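S.K.: Pasting final.cif below, which is mmCIF, C-alpha atoms.
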data_start
loop_
_atom_site.group_PDB
_atom_site.id
_atom_site.type_symbol
_atom_site.label_atom_id
_atom_site.label_comp_id
_atom_site.auth_asym_id
_atom_site.auth_seq_id
_atom_site.Cartn_x
_atom_site.Cartn_y
_atom_site.Cartn_z
ATOM 1 C CA MET C 87 0.000 0.000 0.000
ATOM 2 C CA THR C 88 1.436 3.375 -1.019
ATOM 3 C CA ALA C 89 0.198 6.760 0.146
ATOM 4 C CA ARG C 90 -2.110 8.461 -2.338
ATOM 5 C CA LYS C 91 -0.332 11.249 -4.207
ATOM 6 C CA TRP C 92 -1.570 14.836 -4.320
ATOM 7 C CA ALA C 93 -3.053 15.406 -7.799
ATOM 8 C CA PHE C 94 -4.820 18.235 -9.613
ATOM 9 C CA GLU C 95 -8.219 17.594 -8.015
ATOM 10 C CA ASP C 96 -6.799 17.956 -4.488
ATOM 11 C CA PHE C 97 -5.902 21.623 -4.978
ATOM 12 C CA ALA C 98 -9.361 23.165 -4.728
ATOM 13 C CA GLU C 99 -9.738 26.918 -4.336
ATOM 14 C CA GLY C 100 -9.160 27.912 -0.730
ATOM 15 C CA VAL C 101 -7.189 24.813 0.283
ATOM 16 C CA GLU C 102 -4.464 25.817 2.749
ATOM 17 C CA ILE C 103 -1.274 23.830 3.276
ATOM 18 C CA ASP C 104 1.134 24.208 6.202
ATOM 19 C CA LEU C 105 4.705 24.212 4.873
ATOM 20 C CA GLY C 106 6.346 23.624 8.238
ATOM 21 C CA THR C 107 9.384 25.549 9.465
ATOM 22 C CA LYS C 108 13.002 26.073 8.434
ATOM 23 C CA THR C 109 15.835 27.404 10.585
ATOM 24 C CA VAL C 110 18.239 29.528 8.531
ATOM 25 C CA GLU C 111 21.868 28.749 9.358
ATOM 26 C CA ALA C 112 24.659 31.295 8.833
ATOM 27 C CA GLY C 113 26.767 28.663 7.062
ATOM 28 C CA GLU C 114 24.017 27.939 4.553
ATOM 29 C CA ILE C 115 23.617 31.648 3.799
ATOM 30 C CA VAL C 116 27.328 32.014 3.074
ATOM 31 C CA GLU C 117 27.519 28.766 1.070
ATOM 32 C CA PHE C 118 24.635 29.688 -1.240
ATOM 33 C CA ALA C 119 25.858 33.260 -1.661
ATOM 34 C CA SER C 120 29.416 32.174 -2.410
ATOM 35 C CA GLU C 121 28.163 30.164 -5.350
ATOM 36 C CA PHE C 122 25.375 32.352 -6.723
ATOM 37 C CA ASP C 123 25.132 35.822 -5.152
ATOM 38 C CA ALA C 124 28.395 36.953 -3.578
ATOM 39 C CA GLN C 125 27.284 40.416 -2.500
ATOM 40 C CA PRO C 126 29.021 41.415 0.763
ATOM 41 C CA PHE C 127 25.858 41.499 2.916
ATOM 42 C CA HIS C 128 25.229 37.830 2.029
ATOM 43 C CA LEU C 129 28.785 36.763 2.957
ATOM 44 C CA ASP C 130 29.772 38.616 6.086
ATOM 45 C CA GLU C 131 28.054 39.603 9.338
ATOM 46 C CA GLU C 132 29.824 42.961 9.588
ATOM 47 C CA ALA C 133 29.062 43.873 5.982
ATOM 48 C CA GLY C 134 25.438 42.900 6.605
ATOM 49 C CA LYS C 135 25.246 45.115 9.687
ATOM 50 C CA ALA C 136 26.708 48.008 7.713
ATOM 51 C CA SER C 137 24.066 47.601 4.968
ATOM 52 C CA ILE C 138 20.374 48.448 4.985
ATOM 53 C CA LEU C 139 19.720 44.719 5.624
ATOM 54 C CA GLY C 140 20.989 44.948 9.208
ATOM 55 C CA GLY C 141 22.877 41.647 9.458
ATOM 56 C CA LEU C 142 24.116 38.584 7.595
ATOM 57 C CA SER C 143 21.146 38.092 5.298
ATOM 58 C CA ALA C 144 20.204 35.333 2.880
ATOM 59 C CA SER C 145 20.232 36.020 -0.840
ATOM 60 C CA GLY C 146 16.651 36.504 -2.001
ATOM 61 C CA TRP C 147 17.241 33.569 -4.342
ATOM 62 C CA HIS C 148 18.323 31.480 -1.393
ATOM 63 C CA THR C 149 15.029 32.322 0.323
ATOM 64 C CA CYS C 150 13.249 31.169 -2.850
ATOM 65 C CA ALA C 151 15.247 27.932 -2.810
ATOM 66 C CA MET C 152 14.549 27.307 0.896
ATOM 67 C CA PHE C 153 10.851 27.940 0.208
ATOM 68 C CA MET C 154 10.986 25.396 -2.630
ATOM 69 C CA ARG C 155 12.512 22.827 -0.288
ATOM 70 C CA MET C 156 9.695 23.445 2.213
ATOM 71 C CA LEU C 157 7.162 22.963 -0.601
ATOM 72 C CA CYS C 158 8.892 19.720 -1.647
ATOM 73 C CA ASP C 159 8.938 18.323 1.871
ATOM 74 C CA ALA C 160 5.350 19.367 2.642
ATOM 75 C CA PHE C 161 3.696 17.729 -0.381
ATOM 76 C CA LEU C 162 5.312 18.368 -3.764
ATOM 77 C CA LEU C 163 7.539 15.276 -3.783
ATOM 78 C CA ASN C 164 4.419 13.231 -3.020
ATOM 79 C CA SER C 165 2.412 14.725 -5.881
ATOM 80 C CA THR C 166 1.842 14.443 -9.625
ATOM 81 C CA SER C 167 3.740 17.727 -10.228
ATOM 82 C CA GLN C 168 4.795 18.363 -13.814
ATOM 83 C CA GLY C 169 6.738 21.535 -13.042
ATOM 84 C CA ALA C 170 5.821 25.177 -13.536
ATOM 85 C CA PRO C 171 6.042 27.684 -16.393
ATOM 86 C CA GLY C 172 7.254 30.509 -14.205
ATOM 87 C CA VAL C 173 6.642 32.808 -11.257
ATOM 88 C CA ASP C 174 4.004 35.541 -11.099
ATOM 89 C CA PHE C 175 5.870 37.514 -8.434
ATOM 90 C CA VAL C 176 8.219 37.278 -5.469
ATOM 91 C CA LYS C 177 8.297 39.881 -2.705
ATOM 92 C CA TRP C 178 11.275 39.932 -0.368
ATOM 93 C CA LYS C 179 9.471 41.957 2.302
ATOM 94 C CA LYS C 180 12.119 41.894 5.022
ATOM 95 C CA PRO C 181 15.682 40.563 5.314
ATOM 96 C CA VAL C 182 16.046 36.861 6.158
ATOM 97 C CA LEU C 183 18.822 36.808 8.751
ATOM 98 C CA ALA C 184 21.058 34.076 10.150
ATOM 99 C CA GLY C 185 19.208 32.319 12.958
ATOM 100 C CA ASP C 186 15.738 33.163 11.676
ATOM 101 C CA VAL C 187 13.086 30.460 11.858
ATOM 102 C CA LEU C 188 10.780 30.650 8.846
ATOM 103 C CA ALA C 189 7.246 29.247 8.874
ATOM 104 C CA GLY C 190 5.423 28.737 5.570
ATOM 105 C CA ARG C 191 1.829 28.575 4.452
ATOM 106 C CA LEU C 192 0.331 28.145 0.990
ATOM 107 C CA THR C 193 -3.205 28.937 -0.206
ATOM 108 C CA VAL C 194 -4.719 27.686 -3.465
ATOM 109 C CA LEU C 195 -6.233 30.562 -5.463
ATOM 110 C CA SER C 196 -7.629 28.690 -8.469
ATOM 111 C CA GLY C 197 -7.320 25.617 -10.677
ATOM 112 C CA ARG C 198 -8.304 24.752 -14.244
ATOM 113 C CA LEU C 199 -7.850 21.802 -16.544
ATOM 114 C CA SER C 200 -5.628 22.279 -19.581
ATOM 115 C CA ARG C 201 -7.574 22.726 -22.807
ATOM 116 C CA THR C 202 -4.750 21.334 -24.922
ATOM 117 C CA ARG C 203 -3.138 18.645 -22.741
ATOM 118 C CA PRO C 204 -5.561 15.982 -21.511
ATOM 119 C CA GLY C 205 -4.994 14.890 -17.923
ATOM 120 C CA ILE C 206 -3.097 18.003 -16.865
ATOM 121 C CA GLY C 207 -4.373 20.865 -14.755
ATOM 122 C CA PHE C 208 -2.964 24.239 -13.719
ATOM 123 C CA VAL C 209 -3.036 25.266 -10.057
ATOM 124 C CA THR C 210 -2.377 28.865 -9.029
ATOM 125 C CA TRP C 211 -1.353 29.451 -5.444
ATOM 126 C CA ARG C 212 0.044 32.119 -3.191
ATOM 127 C CA ALA C 213 2.485 31.424 -0.385
ATOM 128 C CA GLU C 214 4.169 33.287 2.416
ATOM 129 C CA LEU C 215 6.998 32.862 4.872
ATOM 130 C CA LYS C 216 6.984 34.539 8.278
ATOM 131 C CA ASN C 217 9.882 34.735 10.720
ATOM 132 C CA GLN C 218 9.921 33.947 14.455
ATOM 133 C CA LYS C 219 8.680 37.496 15.167
ATOM 134 C CA ASP C 220 5.622 36.786 12.996
ATOM 135 C CA GLU C 221 6.931 39.279 10.441
ATOM 136 C CA LEU C 222 6.117 38.573 6.794
ATOM 137 C CA VAL C 223 9.455 38.137 4.981
ATOM 138 C CA PHE C 224 8.463 36.479 1.694
ATOM 139 C CA GLU C 225 5.415 36.453 -0.570
ATOM 140 C CA PHE C 226 5.127 34.382 -3.698
ATOM 141 C CA GLN C 227 2.615 33.473 -6.378
ATOM 142 C CA ASN C 228 2.833 31.071 -9.300
ATOM 143 C CA THR C 229 1.069 28.329 -11.237
ATOM 144 C CA CYS C 230 2.088 24.664 -11.179
ATOM 145 C CA MET C 231 1.016 21.813 -13.438
ATOM 146 C CA PHE C 232 -0.295 18.525 -12.026
ATOM 147 C CA LEU C 233 -1.634 15.328 -13.523
ATOM 148 C CA THR C 234 -5.193 14.423 -12.593
ATOM 149 C CA HIS C 235 -5.694 11.292 -10.476
ATOM 150 C CA GLU C 236 -7.043 9.496 -13.546
ATOM 151 C CA ALA C 237 -4.065 10.428 -15.714
ATOM 152 C CA ALA C 238 -1.637 9.490 -12.952
ATOM 153 C CA ALA C 239 -3.256 6.071 -12.602
ATOM 154 C CA ALA C 240 -3.214 5.408 -16.357
ATOM 155 C CA MET W 386 43.546 53.348 -8.835
ATOM 156 C CA THR W 387 40.383 51.265 -8.513
ATOM 157 C CA ALA W 388 37.843 50.636 -11.241
ATOM 158 C CA ARG W 389 34.828 52.903 -11.051
ATOM 159 C CA LYS W 390 31.793 51.066 -9.708
ATOM 160 C CA TRP W 391 28.496 50.896 -11.518
ATOM 161 C CA ALA W 392 26.065 53.233 -9.711
ATOM 162 C CA PHE W 393 22.476 54.410 -10.198
ATOM 163 C CA GLU W 394 23.317 56.971 -12.890
ATOM 164 C CA ASP W 395 24.948 54.321 -15.112
ATOM 165 C CA PHE W 396 21.700 52.422 -15.624
ATOM 166 C CA ALA W 397 19.982 54.748 -18.089
ATOM 167 C CA GLU W 398 16.898 53.585 -19.959
ATOM 168 C CA GLY W 399 17.886 51.381 -22.873
ATOM 169 C CA VAL W 400 21.340 50.447 -21.596
ATOM 170 C CA GLU W 401 22.088 46.841 -22.556
ATOM 171 C CA ILE W 402 24.531 44.624 -20.687
ATOM 172 C CA ASP W 403 26.004 41.355 -21.945
ATOM 173 C CA LEU W 404 25.889 38.775 -19.152
ATOM 174 C CA GLY W 405 28.276 36.335 -20.802
ATOM 175 C CA THR W 406 27.689 32.596 -20.985
ATOM 176 C CA LYS W 407 27.266 29.682 -18.573
ATOM 177 C CA THR W 408 27.582 25.981 -19.379
ATOM 178 C CA VAL W 409 25.123 23.927 -17.347
ATOM 179 C CA GLU W 410 26.724 20.775 -15.940
ATOM 180 C CA ALA W 411 24.683 17.671 -15.090
ATOM 181 C CA GLY W 412 26.393 17.439 -11.695
ATOM 182 C CA GLU W 413 25.380 20.999 -10.788
ATOM 183 C CA ILE W 414 21.767 20.283 -11.748
ATOM 184 C CA VAL W 415 21.642 17.236 -9.491
ATOM 185 C CA GLU W 416 23.472 18.970 -6.632
ATOM 186 C CA PHE W 417 21.118 21.955 -6.558
ATOM 187 C CA ALA W 418 18.016 19.786 -6.926
ATOM 188 C CA SER W 419 19.126 17.389 -4.188
ATOM 189 C CA GLU W 420 19.226 20.271 -1.751
ATOM 190 C CA PHE W 421 16.255 22.381 -2.827
ATOM 191 C CA ASP W 422 13.999 20.761 -5.460
ATOM 192 C CA ALA W 423 14.300 16.972 -5.537
ATOM 193 C CA GLN W 424 11.677 16.302 -8.201
ATOM 194 C CA PRO W 425 12.691 13.245 -10.288
ATOM 195 C CA PHE W 426 13.198 15.142 -13.570
ATOM 196 C CA HIS W 427 15.833 17.325 -11.838
ATOM 197 C CA LEU W 428 17.727 14.324 -10.446
ATOM 198 C CA ASP W 429 17.822 11.653 -13.098
ATOM 199 C CA GLU W 430 18.312 11.586 -16.871
ATOM 200 C CA GLU W 431 15.807 8.771 -17.445
ATOM 201 C CA ALA W 432 13.143 10.423 -15.277
ATOM 202 C CA GLY W 433 13.749 13.650 -17.195
ATOM 203 C CA LYS W 434 13.342 11.906 -20.548
ATOM 204 C CA ALA W 435 10.094 10.323 -19.327
ATOM 205 C CA SER W 436 8.714 13.739 -18.315
ATOM 206 C CA ILE W 437 7.446 16.616 -20.458
ATOM 207 C CA LEU W 438 10.859 18.266 -19.904
ATOM 208 C CA GLY W 439 12.615 15.778 -22.189
ATOM 209 C CA GLY W 440 15.855 15.255 -20.277
ATOM 210 C CA LEU W 441 17.749 15.965 -17.047
ATOM 211 C CA SER W 442 16.610 19.540 -16.509
ATOM 212 C CA ALA W 443 17.642 22.230 -14.052
ATOM 213 C CA SER W 444 15.220 23.323 -11.356
ATOM 214 C CA GLY W 445 13.707 26.642 -12.370
ATOM 215 C CA TRP W 446 15.157 28.052 -9.153
ATOM 216 C CA HIS W 447 18.589 26.799 -10.188
ATOM 217 C CA THR W 448 18.208 28.684 -13.463
ATOM 218 C CA CYS W 449 17.372 31.791 -11.403
ATOM 219 C CA ALA W 450 20.475 31.208 -9.267
ATOM 220 C CA MET W 451 22.722 30.674 -12.321
ATOM 221 C CA PHE W 452 21.302 33.881 -13.815
ATOM 222 C CA MET W 453 22.110 35.712 -10.575
ATOM 223 C CA ARG W 454 25.682 34.468 -10.738
ATOM 224 C CA MET W 455 25.978 35.745 -14.315
ATOM 225 C CA LEU W 456 24.627 39.115 -13.160
ATOM 226 C CA CYS W 457 27.148 39.185 -10.292
ATOM 227 C CA ASP W 458 30.089 38.355 -12.548
ATOM 228 C CA ALA W 459 29.035 40.774 -15.298
ATOM 229 C CA PHE W 460 28.719 43.883 -13.115
ATOM 230 C CA LEU W 461 26.749 43.524 -9.882
ATOM 231 C CA LEU W 462 29.724 42.727 -7.642
ATOM 232 C CA ASN W 463 31.378 45.851 -9.017
ATOM 233 C CA SER W 464 28.404 48.086 -8.304
ATOM 234 C CA THR W 465 26.729 50.060 -5.529
ATOM 235 C CA SER W 466 23.894 47.479 -5.313
ATOM 236 C CA GLN W 467 21.736 47.648 -2.199
ATOM 237 C CA GLY W 468 19.672 44.571 -3.010
ATOM 238 C CA ALA W 469 16.173 44.231 -4.406
ATOM 239 C CA PRO W 470 12.647 44.194 -2.953
ATOM 240 C CA GLY W 471 11.457 41.335 -5.146
ATOM 241 C CA VAL W 472 10.858 39.960 -8.610
ATOM 242 C CA ASP W 473 8.183 41.179 -11.038
ATOM 243 C CA PHE W 474 8.085 37.906 -12.932
ATOM 244 C CA VAL W 475 10.098 34.880 -14.050
ATOM 245 C CA LYS W 476 9.224 32.867 -17.147
ATOM 246 C CA TRP W 477 10.775 29.428 -17.546
ATOM 247 C CA LYS W 478 10.079 29.279 -21.286
ATOM 248 C CA LYS W 479 11.867 26.020 -22.106
ATOM 249 C CA PRO W 480 13.678 23.339 -20.107
ATOM 250 C CA VAL W 481 17.336 24.049 -19.243
ATOM 251 C CA LEU W 482 19.053 20.729 -19.917
ATOM 252 C CA ALA W 483 22.417 19.282 -18.921
ATOM 253 C CA GLY W 484 25.027 20.463 -21.403
ATOM 254 C CA ASP W 485 23.154 23.605 -22.402
ATOM 255 C CA VAL W 486 25.175 26.783 -22.864
ATOM 256 C CA LEU W 487 23.191 29.795 -21.665
ATOM 257 C CA ALA W 488 23.882 33.314 -22.907
ATOM 258 C CA GLY W 489 22.434 36.274 -21.024
ATOM 259 C CA ARG W 490 21.477 39.837 -21.825
ATOM 260 C CA LEU W 491 19.947 42.547 -19.666
ATOM 261 C CA THR W 492 18.151 45.731 -20.747
ATOM 262 C CA VAL W 493 17.399 48.670 -18.468
ATOM 263 C CA LEU W 494 13.726 49.675 -18.677
ATOM 264 C CA SER W 495 13.650 52.641 -16.309
ATOM 265 C CA GLY W 496 15.232 54.289 -13.303
ATOM 266 C CA ARG W 497 14.090 56.740 -10.649
ATOM 267 C CA LEU W 498 15.561 58.280 -7.523
ATOM 268 C CA SER W 499 13.971 57.307 -4.216
ATOM 269 C CA ARG W 500 11.701 59.979 -2.802
ATOM 270 C CA THR W 501 12.290 58.845 0.771
ATOM 271 C CA ARG W 502 15.904 57.640 0.828
ATOM 272 C CA PRO W 503 18.446 60.223 -0.349
ATOM 273 C CA GLY W 504 21.243 58.812 -2.481
ATOM 274 C CA ILE W 505 19.364 55.674 -3.548
ATOM 275 C CA GLY W 506 17.757 54.969 -6.891
ATOM 276 C CA PHE W 507 15.578 52.180 -8.237
ATOM 277 C CA VAL W 508 16.494 50.525 -11.543
ATOM 278 C CA THR W 509 13.995 48.291 -13.351
ATOM 279 C CA TRP W 510 15.399 45.875 -15.890
ATOM 280 C CA ARG W 511 14.425 42.910 -17.965
ATOM 281 C CA ALA W 512 16.776 40.037 -18.740
ATOM 282 C CA GLU W 513 16.779 36.891 -20.801
ATOM 283 C CA LEU W 514 18.797 33.708 -21.193
ATOM 284 C CA LYS W 515 19.018 31.863 -24.516
ATOM 285 C CA ASN W 516 20.472 28.419 -25.082
ATOM 286 C CA GLN W 517 22.984 27.288 -27.726
ATOM 287 C CA LYS W 518 20.117 26.810 -30.217
ATOM 288 C CA ASP W 519 19.200 30.495 -29.730
ATOM 289 C CA GLU W 520 15.988 29.421 -27.974
ATOM 290 C CA LEU W 521 14.687 31.721 -25.252
ATOM 291 C CA VAL W 522 14.684 29.673 -22.019
ATOM 292 C CA PHE W 523 14.335 32.335 -19.288
ATOM 293 C CA GLU W 524 12.798 35.783 -18.995
ATOM 294 C CA PHE W 525 12.993 37.928 -15.912
ATOM 295 C CA GLN W 526 12.090 41.385 -14.670
ATOM 296 C CA ASN W 527 12.738 43.131 -11.393
ATOM 297 C CA THR W 528 13.887 46.326 -9.719
ATOM 298 C CA CYS W 529 17.217 46.745 -7.923
ATOM 299 C CA MET W 530 18.397 49.520 -5.624
ATOM 300 C CA PHE W 531 21.714 51.310 -6.170
ATOM 301 C CA LEU W 532 23.524 54.159 -4.486
ATOM 302 C CA THR W 533 24.233 57.178 -6.628
ATOM 303 C CA HIS W 534 27.891 57.966 -7.406
ATOM 304 C CA GLU W 535 27.715 60.892 -4.986
ATOM 305 C CA ALA W 536 26.286 58.789 -2.148
ATOM 306 C CA ALA W 537 28.822 56.040 -2.809
ATOM 307 C CA ALA W 538 31.701 58.549 -2.611
ATOM 308 C CA ALA W 539 30.411 60.126 0.607
#
Render the structure in this file as structure tokens.
M.R.:
Amino acid sequence: MTARKWAFEDFAEGVEIDLGTKTVEAGEIVEFASEFDAQPFHLDEEAGKASILGGLSASGWHTCAMFMRMLCDAFLLNSTSQGAPGVDFVKWKKPVLAGDVLAGRLTVLSGRLSRTRPGIGFVTWRAELKNQKDELVFEFQNTCMFLTHEAAAA
Amino acid sequence: MTARKWAFEDFAEGVEIDLGTKTVEAGEIVEFASEFDAQPFHLDEEAGKASILGGLSASGWHTCAMFMRMLCDAFLLNSTSQGAPGVDFVKWKKPVLAGDVLAGRLTVLSGRLSRTRPGIGFVTWRAELKNQKDELVFEFQNTCMFLTHEAAAA
């Protein structure tokens, strides 16, 4: 017996999904930034304090990547996901600092079946991350593609 | 003598910047996906071929991160960048596959001085990545903050 996978039909308008929490480690911030976004405030505590970010802060792209990992662990790796065509918007509302604990939540806005690809549906959702002070640090919206249960079983 | 840094005034409307090229290695795709986006088509060549992506394909977030690195190397690490409040949109137009060679270009759409923060300006730009077949794989727009030359010299 295997657990039933999340499929298109499970993402009805208004469905809310808890994405759990993620503690942001200083070492992870520096590692990601060293490879992809080596601006001083993402590499060094003192440079971060001297900037408008106020401390060693994660690259906005690192926040996106950590969010994606939360999405994967919460349900996406146990789903019929077929990927996504893009991102509607990302808002980096406040700096994500070393030691922060991020909590995520996702809300389904709408879903529709593809007119051209049988068995595939598009799900539009919005998500947010808050820090341990209950401050909103990240807002996100995009559309993902999922197989229907019937198509996944075929 | 140090090289003059890119500052707000240098990003006039219509300025185009070559972001160079980036070869996408299979190992990098798997490494990024293992940490942040472990969907099968980002981890395994056969799973990628079986999916609508057609081969081992980079996570869309990895493409964003590779783009950011190209931006950093082209000019951002030699600029007065103060970070960015978010992303207007990302379009993952086609799969980015192992072995692809991405070429990037950025065009400045507009710039304006902050009304509330003296010495800081907002620059809105659009960027794209094309692969070795000249296919558009990635489109992106956002707004970055930069110090003016005068503020940077102060």
S.K.: Translate the PyMOL selection byres ((chain W and resi 460-464) around 8), as applied to the file shown, into an explicit residue set as a VMD selection string.
M.R.: (chain C and resid 124 to 125) or (chain W and resid 390 to 392 456 to 459 465 to 466 531)
S.K.: Could you tell me which residues the PyMOL selection byres ((chain C and resi 110) around 6) grabs in this file, written as a JSON list (two decimals) with C-alpha atoms, keeping the file's coordinate frame?
M.R.:
[["chain", "number", "residue", "atom", "x", "y", "z"],
["C", 109, "THR", "CA", 15.84, 27.40, 10.58],
["C", 111, "GLU", "CA", 21.87, 28.75, 9.36],
["C", 184, "ALA", "CA", 21.06, 34.08, 10.15],
["C", 185, "GLY", "CA", 19.21, 32.32, 12.96],
["C", 186, "ASP", "CA", 15.74, 33.16, 11.68]]
S.K.: Here's the selection I'm unsure about, the PyMOL selection byres ((chain W) within 7 of (chain C)); applied to the file above, which residues does it give, as a PyMOL selection string?
M.R.: chain W and resi 421-422+424+446+450-451+453-454+457+462+470-478
S.K.: Determine the nearest neighbour of Gln517 (chain W) from the options W:Ala443, W:Ala488, W:Val415, W:Leu482, counting all atoms listed in the file.
M.R.: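 Smallest separation from Gln517 (chain W) among the options: W:Ala488.
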S.K.: Build an axis-aligned box that encloses every atom of region 87-105 of chain C listed in the file, pad it by 3 Å on each side, and report its centre and edge lengths in Å to one decimal, as JSON.
M.R.:
{"center_x": -2.5, "center_y": 14.0, "center_z": -1.7, "size_x": 20.4, "size_y": 33.9, "size_z": 21.8}
S.K.: Show me, as a ChimeraX atom specification, the residues that have an atom within 12 Å of Gly504 (chain W) when counting only C-alpha atoms, minus same-chain residues fewer than 4 positions from it.
M.R.: /W:392-394,465-467,497-500,530-539
S.K.: Take the selection from the previous step and output its residues with C-alpha atoms, as a CSV table (one decimal), keeping the file's coordinate frame.
M.R.:
chain,number,residue,atom,x,y,z
W,392,ALA,CA,26.1,53.2,-9.7
W,393,PHE,CA,22.5,54.4,-10.2
W,394,GLU,CA,23.3,57.0,-12.9
W,465,THR,CA,26.7,50.1,-5.5
W,466,SER,CA,23.9,47.5,-5.3
W,467,GLN,CA,21.7,47.6,-2.2
W,497,ARG,CA,14.1,56.7,-10.6
W,498,LEU,CA,15.6,58.3,-7.5
W,499,SER,CA,14.0,57.3,-4.2
W,500,ARG,CA,11.7,60.0,-2.8
W,530,MET,CA,18.4,49.5,-5.6
W,531,PHE,CA,21.7,51.3,-6.2
W,532,LEU,CA,23.5,54.2,-4.5
W,533,THR,CA,24.2,57.2,-6.6
W,534,HIS,CA,27.9,58.0,-7.4
W,535,GLU,CA,27.7,60.9,-5.0
W,536,ALA,CA,26.3,58.8,-2.1
W,537,ALA,CA,28.8,56.0,-2.8
W,538,ALA,CA,31.7,58.5,-2.6
W,539,ALA,CA,30.4,60.1,0.6
S.K.: Which of these residues is nearest to Leu105 (chain C), using only C-alpha atoms: C:Leu129, C:Leu222, C:Leu188, C:Val209?
M.R.: C:Leu188
S.K.: For each of W:Ala411, W:Asp519, W:Glu416, W:Gly496, take the minimum atom-to-atom distance to Glu430 (chain W), counting only C-alpha atoms, then give the residue where this is smallest.
M.R.: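 Closest residue, counting only C-alpha atoms: W:Ala411.
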S.K.: Looking at all atoms listed in the file, which of W:Ala432, W:Ala397, W:Leu491, W:Leu441 is the one that sits closest to Phe507 (chain W)?
M.R.: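 The closest residue to Phe507 (chain W) is W:Ala397.
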S.K.: Please indicate the distance in Å from CA of Ser495 (chain W) to CA of Trp510 (chain W), rounded to one decimal place.
M.R.: 7.0 Å
S.K.: Please indicate the distance in Å from CA of Cys529 (chain W) to CA of Ile505 (chain W), rounded to one decimal place.
M.R.: 10.2 Å
S.K.: From the options C:Glu214, C:Glu221, C:Glu114, C:Glu132, which residue's atoms come nearest to Glu102 (chain C), counting only C-alpha atoms?
M.R.: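 Smallest distance to Glu102 (chain C) is found for C:Glu214.
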S.K.: Which value, in Å to one decimal, gives the distance between CA of Asn217 (chain C) and CA of Lys108 (chain C)?
M.R.: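 It comes out at 9.5 Å.
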S.K.: Could you check the closest approach to Asp96 (chain C) for each of C:Gly140, C:Arg212, C:Gly207, C:Asp130 and tell me which residue wins, using all atoms listed in the file?
M.R.: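 Closest to Asp96 (chain C), using all atoms listed in the file: C:Gly207.
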